[in-house]
Amino acid sequence: MFKAQKRSWLRRLLGLAVACQFGASIGVAQFPAEDADLEAAAFSPILLGKSDDASIAPVVYNEPAAAFHLAAPAGDDLGDSVKAADESTDKSDNAGQEKDSRDELIEDLTKRLDDMEESWGQYQGKITKEAEAKKKKSSYKMGGRLHMDYWNFMDNSPGIGYFEHDDPANANYGTDPEDRFLFRRLRLEIEGNVPQNMVFRIQMDFNNPSTPEYKDAYIGWTNLPYNQVLLLGNQKRPMGLDHLNSSRHNVFMERPFAVEAFNEDARRIGLAMYGHNDAESTFWAYGIYNLENTSTTGRFIGDSMQMGGYGRVGGSPWYDEVSGGRGYWHVAMSGAVAKPDGDASGADSNNNEARFRTRPEARSDSRWLNTGRIVGADWFETIGLESMLNIGSLQITSEYLFNWVQRDDQIAGSGPDTHFHGGYIFASYFLTGEHIPYKRTHGTIDRVKPFENFFLVDRLCGNRGRKMGMGALALALRYDYIDLTDGDIQGGVGHSVTGGLNWYWTAYSKLQTNLIYGEIDDHSPVGPTGTEYTSGDYAILGMRFMLDF
């Protein structure tokens, strides 16, 4: 109400100002200086009474300006009266035009005042919000995930037992892998914001209660130019699509050979920048990291810094906005250049991080494909290529990674330079029609949301039988390959085929089942005399119950 009254008074003042401006041209009567009272009364909104001066006619403020006139003197002839009437009509027409111009001017000025008031109000609101935000404490939220696994090593050849238990001094040397039930992940996490533009995240894994591990543990700065975020702390190195996907969303239970071998455990302490363009069609990440895994110790100690530079760039040349992202094509390239500590003598506190190894895409005790720590490794480089095509319920994804190691032949035990490589391809299809969403700003997959959650309940109101929701069902098939044997390094050559069935109960819970068949060749010799076995094959069944919050 107050604002409306204010506008009304503004309009009146504007009208008075314009009236004064145009007063001379619309025929307002000029009063003698001594008749100050009458002049003031002429601008009053009430009707004036008769004056002692017979030549002055009554006037009304709200009537046209032509009404402010002097009475005709007595005795004038009729012709003069008609002429005066014509002149009065002309003045009345002009006054109407002048009034229209005045109204338009008032309307324009009023609109400008309204715009100024709105702009000023927005500015004041912004200042108020910023002042309030500066006084607020950090905000945060808690989350976590629970992954329970069952692994059945159904069948394997004798060589696999020696890859699993490879220490001759151990009583279990050469025995078959054992079935197991375990917590693959048992994580709690907290993340939040610090006014004005900082973020943080702390994630702890208690899957081995006697030795907890930190995963993500960083602080960061947001709202940087070019949609960038700068993170400092323990975080994933930008290499390998499957490793950068969250374990909550991945299609298979364990990561492919090459992704795990060339970016083992993914996370390291580093400083990294992440960004994307305004259209979200292109993303990038780059940073510098220490090569040693400190997740169980919380500290790096040593004279050799063992640093590595990692980067990734890519985008989605095709993304179907109309279907809500049910169709897209992702392509990306990643790379790394690293300086490991090639001294394998153990004379210092550093562990030589030129080592590439992986498990058989299952939770075995040992990594069956393993180069060991490469003596004399001076530098190594890695390049990764990614492609992910999604058409409705069908997704086809592939990666290939190449690794080169340069060795210092002046170090005892060193050998020639080496070249390792590997990759995979898989297809996934939803029987119930859902699709795998894509996060364009990060170049990773996102959370699957079933059309209908899984449930099983008794019917109500006396109806017989039960009602059931199916959830979402997806089939998947993956072929995986890696070659970690070159020259004097015999880490093994691995092939595997994995069939998967994913049953999504809700967007936050699911059951994964994997059946794996694999072969390993060209492995360093193992066996009772150390020479018998260089190859082996295996069949493994895995099941994982998953929930995150």
# chains A, B, ... in the order shown; residues from 1 in each chain; ligands from 1
call {"tool": "residues_around", "arguments": {"residues": "region 211-224 of chain A", "least_positions_apart": "6", "cutoff": "12 Å", "atoms": "only C-alpha atoms", "output": "PyMOL selection string"}}
result
chain A and resi 185-205+230-237+246+265-276+293-299
call {"tool": "closest_atom_pairs", "arguments": {"of": "region 146-208 of chain A", "to": "region 530-534 of chain A", "cutoff": "10 Å", "atoms": "only C-alpha atoms", "output": "Markdown table"}}
result
| residue | atom | partner | partner_atom | distance |
| --- | --- | --- | --- | --- |
| A:Ser157 | CA | A:Tyr533 | CA | 10.0 |
| A:Pro158 | CA | A:Tyr533 | CA | 7.9 |
| A:Gly159 | CA | A:Tyr533 | CA | 5.2 |
| A:Ile160 | CA | A:Tyr533 | CA | 8.7 |
| A:Gly161 | CA | A:Tyr533 | CA | 9.9 |
| A:Tyr162 | CA | A:Tyr533 | CA | 7.9 |
| A:Phe163 | CA | A:Tyr533 | CA | 9.1 |
| A:Asp166 | CA | A:Gly530 | CA | 9.9 |
| A:Pro168 | CA | A:Gly530 | CA | 9.0 |
call {"tool": "atom_distance", "arguments": {"atom1": "CA of Thr432 (chain A)", "atom2": "CA of Phe454 (chain A)"}}
result
12.1 Å
call {"tool": "select_by_dssp", "arguments": {"residues": "region 273-312 of chain A", "states": "strand (DSSP E or B)", "output": "list of chain:residue names"}}
result
A:Met273, A:Tyr274, A:Gly275, A:His276, A:Thr282, A:Phe283, A:Trp284, A:Ala285, A:Tyr286, A:Gly287, A:Ile288, A:Tyr289, A:Asn290, A:Met307, A:Gly308, A:Gly309, A:Tyr310, A:Gly311, A:Arg312
call {"tool": "write_last_selection", "arguments": {"atoms": "all heavy atoms", "output": "short mmCIF file (atom, residue, chain, number, x, y, z; two decimals), in the first residue's frame"}}
result
data_model
loop_
_atom_site.label_atom_id
_atom_site.label_comp_id
_atom_site.auth_asym_id
_atom_site.auth_seq_id
_atom_site.Cartn_x
_atom_site.Cartn_y
_atom_site.Cartn_z
N MET A 273 42.88 -29.11 -11.45
CA MET A 273 41.85 -28.20 -11.91
C MET A 273 40.86 -28.96 -12.80
O MET A 273 41.27 -29.76 -13.64
CB MET A 273 42.47 -27.05 -12.71
CG MET A 273 41.49 -25.97 -13.13
SD MET A 273 41.09 -24.84 -11.78
CE MET A 273 42.53 -23.77 -11.83
N TYR A 274 39.57 -28.70 -12.58
CA TYR A 274 38.52 -29.33 -13.36
C TYR A 274 37.63 -28.23 -13.94
O TYR A 274 37.29 -27.26 -13.25
CB TYR A 274 37.65 -30.24 -12.49
CG TYR A 274 38.44 -31.31 -11.74
CD1 TYR A 274 39.08 -31.01 -10.54
CD2 TYR A 274 38.54 -32.60 -12.23
CE1 TYR A 274 39.80 -31.98 -9.85
CE2 TYR A 274 39.25 -33.58 -11.55
CZ TYR A 274 39.88 -33.26 -10.35
OH TYR A 274 40.59 -34.22 -9.68
N GLY A 275 37.23 -28.38 -15.21
CA GLY A 275 36.38 -27.35 -15.81
C GLY A 275 35.60 -27.86 -17.00
O GLY A 275 35.78 -29.00 -17.46
N HIS A 276 34.71 -27.01 -17.51
CA HIS A 276 33.92 -27.34 -18.69
C HIS A 276 33.45 -26.05 -19.34
O HIS A 276 33.44 -24.98 -18.72
CB HIS A 276 32.71 -28.20 -18.31
CG HIS A 276 31.78 -27.55 -17.33
ND1 HIS A 276 30.76 -26.71 -17.70
CD2 HIS A 276 31.74 -27.61 -15.97
CE1 HIS A 276 30.12 -26.28 -16.63
NE2 HIS A 276 30.69 -26.81 -15.56
N THR A 282 32.16 -29.83 -23.67
CA THR A 282 33.59 -30.13 -23.53
C THR A 282 33.98 -30.01 -22.06
O THR A 282 33.51 -29.12 -21.35
CB THR A 282 34.44 -29.15 -24.36
OG1 THR A 282 34.03 -29.21 -25.73
CG2 THR A 282 35.92 -29.50 -24.26
N PHE A 283 34.84 -30.91 -21.59
CA PHE A 283 35.34 -30.87 -20.22
C PHE A 283 36.84 -31.10 -20.23
O PHE A 283 37.41 -31.57 -21.22
CB PHE A 283 34.65 -31.96 -19.36
CG PHE A 283 34.91 -33.36 -19.85
CD1 PHE A 283 36.05 -34.06 -19.46
CD2 PHE A 283 34.03 -33.98 -20.73
CE1 PHE A 283 36.30 -35.34 -19.93
CE2 PHE A 283 34.28 -35.26 -21.20
CZ PHE A 283 35.42 -35.93 -20.80
N TRP A 284 37.49 -30.77 -19.12
CA TRP A 284 38.93 -30.99 -19.01
C TRP A 284 39.31 -31.12 -17.54
O TRP A 284 38.58 -30.68 -16.64
CB TRP A 284 39.71 -29.85 -19.65
CG TRP A 284 39.40 -28.50 -19.08
CD1 TRP A 284 39.95 -27.90 -17.98
CD2 TRP A 284 38.41 -27.57 -19.58
NE1 TRP A 284 39.39 -26.67 -17.76
CE2 TRP A 284 38.44 -26.43 -18.72
CE3 TRP A 284 37.52 -27.59 -20.66
CZ2 TRP A 284 37.62 -25.34 -18.93
CZ3 TRP A 284 36.71 -26.48 -20.85
CH2 TRP A 284 36.75 -25.38 -20.00
N ALA A 285 40.46 -31.75 -17.32
CA ALA A 285 41.02 -31.89 -15.97
C ALA A 285 42.52 -32.04 -16.12
O ALA A 285 43.00 -32.73 -17.03
CB ALA A 285 40.42 -33.09 -15.24
N TYR A 286 43.27 -31.41 -15.21
CA TYR A 286 44.72 -31.54 -15.25
C TYR A 286 45.27 -31.24 -13.87
O TYR A 286 44.68 -30.47 -13.10
CB TYR A 286 45.34 -30.61 -16.30
CG TYR A 286 44.97 -29.15 -16.13
CD1 TYR A 286 45.76 -28.28 -15.37
CD2 TYR A 286 43.81 -28.64 -16.73
CE1 TYR A 286 45.41 -26.95 -15.23
CE2 TYR A 286 43.46 -27.32 -16.58
CZ TYR A 286 44.26 -26.47 -15.83
OH TYR A 286 43.91 -25.15 -15.68
N GLY A 287 46.39 -31.89 -13.55
CA GLY A 287 46.96 -31.66 -12.23
C GLY A 287 48.28 -32.37 -12.06
O GLY A 287 48.75 -33.12 -12.93
N ILE A 288 48.90 -32.17 -10.91
CA ILE A 288 50.16 -32.80 -10.56
C ILE A 288 49.97 -33.57 -9.27
O ILE A 288 49.32 -33.07 -8.33
CB ILE A 288 51.29 -31.76 -10.44
CG1 ILE A 288 52.65 -32.45 -10.22
CG2 ILE A 288 50.99 -30.71 -9.37
CD1 ILE A 288 53.83 -31.51 -10.36
N TYR A 289 50.52 -34.79 -9.22
CA TYR A 289 50.26 -35.71 -8.11
C TYR A 289 51.55 -36.38 -7.65
O TYR A 289 52.49 -36.58 -8.44
CB TYR A 289 49.29 -36.81 -8.54
CG TYR A 289 47.94 -36.33 -9.01
CD1 TYR A 289 47.78 -35.84 -10.32
CD2 TYR A 289 46.83 -36.36 -8.18
CE1 TYR A 289 46.54 -35.41 -10.76
CE2 TYR A 289 45.60 -35.92 -8.62
CZ TYR A 289 45.45 -35.45 -9.91
OH TYR A 289 44.23 -35.01 -10.35
N ASN A 290 51.56 -36.77 -6.38
CA ASN A 290 52.60 -37.66 -5.88
C ASN A 290 52.20 -39.09 -6.23
O ASN A 290 51.02 -39.44 -6.16
CB ASN A 290 52.73 -37.50 -4.36
CG ASN A 290 53.83 -38.35 -3.78
OD1 ASN A 290 53.59 -39.50 -3.42
ND2 ASN A 290 55.03 -37.82 -3.70
N MET A 307 56.86 -37.49 -8.65
CA MET A 307 55.72 -36.70 -9.09
C MET A 307 55.27 -37.13 -10.48
O MET A 307 56.05 -37.65 -11.29
CB MET A 307 56.06 -35.21 -9.09
CG MET A 307 56.52 -34.68 -7.75
SD MET A 307 55.29 -34.90 -6.44
CE MET A 307 54.02 -33.76 -6.97
N GLY A 308 53.99 -36.89 -10.76
CA GLY A 308 53.43 -37.19 -12.08
C GLY A 308 52.42 -36.13 -12.49
O GLY A 308 51.63 -35.65 -11.67
N GLY A 309 52.45 -35.76 -13.76
CA GLY A 309 51.46 -34.85 -14.31
C GLY A 309 50.42 -35.63 -15.09
O GLY A 309 50.76 -36.45 -15.96
N TYR A 310 49.13 -35.40 -14.76
CA TYR A 310 48.04 -36.14 -15.39
C TYR A 310 47.03 -35.15 -15.98
O TYR A 310 46.81 -34.07 -15.42
CB TYR A 310 47.32 -37.02 -14.37
CG TYR A 310 48.11 -38.25 -13.94
CD1 TYR A 310 49.19 -38.14 -13.09
CD2 TYR A 310 47.76 -39.51 -14.39
CE1 TYR A 310 49.92 -39.25 -12.69
CE2 TYR A 310 48.47 -40.64 -14.01
CZ TYR A 310 49.56 -40.50 -13.15
OH TYR A 310 50.26 -41.61 -12.78
N GLY A 311 46.41 -35.55 -17.09
CA GLY A 311 45.40 -34.69 -17.70
C GLY A 311 44.42 -35.48 -18.53
O GLY A 311 44.71 -36.60 -18.99
N ARG A 312 43.24 -34.90 -18.72
CA ARG A 312 42.18 -35.55 -19.49
C ARG A 312 41.32 -34.47 -20.14
O ARG A 312 40.97 -33.47 -19.51
CB ARG A 312 41.32 -36.42 -18.58
CG ARG A 312 40.16 -37.17 -19.25
CD ARG A 312 39.54 -38.11 -18.24
NE ARG A 312 38.41 -38.87 -18.77
CZ ARG A 312 37.13 -38.68 -18.43
NH1 ARG A 312 36.82 -37.71 -17.55
NH2 ARG A 312 36.17 -39.42 -18.93
#
call {"tool": "select_by_dssp", "arguments": {"residues": "region 136-284 of chain A", "states": "helix (DSSP H, G or I)", "output": "list in words"}}
result
Pro158, Gly159, Ile160, Gly161, Tyr162, Phe163, Glu164, Leu241, Asp242, His243, Leu244, Phe257, Ala258, Val259, Glu260, Ala261 and Phe262 of chain A
call {"tool": "closest_residue", "arguments": {"among": "A:Glu519, A:Glu130, A:Asp155, A:Asp149", "to": "Pro360 (chain A)", "atoms": "only C-alpha atoms"}}
result
A:Glu519
call {"tool": "residues_around", "arguments": {"residues": "Leu394 (chain A)", "least_positions_apart": "4", "cutoff": "8 Å", "atoms": "only C-alpha atoms", "output": "number ranges by chain"}}
result
A: 390, 427-430, 435
call {"tool": "residues_around", "arguments": {"residues": "Arg326 (chain A)", "least_positions_apart": "5", "cutoff": "8 Å", "atoms": "only C-alpha atoms", "output": "number ranges by chain"}}
result
A: 320, 390-393, 435-437
call {"tool": "write_last_selection", "arguments": {"atoms": "C-alpha atoms", "output": "PDB file, in the first residue's frame"}}
result
ATOM      1  CA  ASP A 320      20.192 -35.822 -27.449  1.00  0.00           C
ATOM      2  CA  ASN A 390      24.570 -44.772 -25.741  1.00  0.00           C
ATOM      3  CA  ILE A 391      21.429 -45.307 -27.819  1.00  0.00           C
ATOM      4  CA  GLY A 392      18.414 -45.664 -25.565  1.00  0.00           C
ATOM      5  CA  SER A 393      18.765 -48.821 -23.457  1.00  0.00           C
ATOM      6  CA  HIS A 435      19.254 -46.069 -19.816  1.00  0.00           C
ATOM      7  CA  ILE A 436      22.602 -45.144 -18.272  1.00  0.00           C
ATOM      8  CA  PRO A 437      22.642 -41.354 -17.714  1.00  0.00           C
TER       9      PRO A 437
END
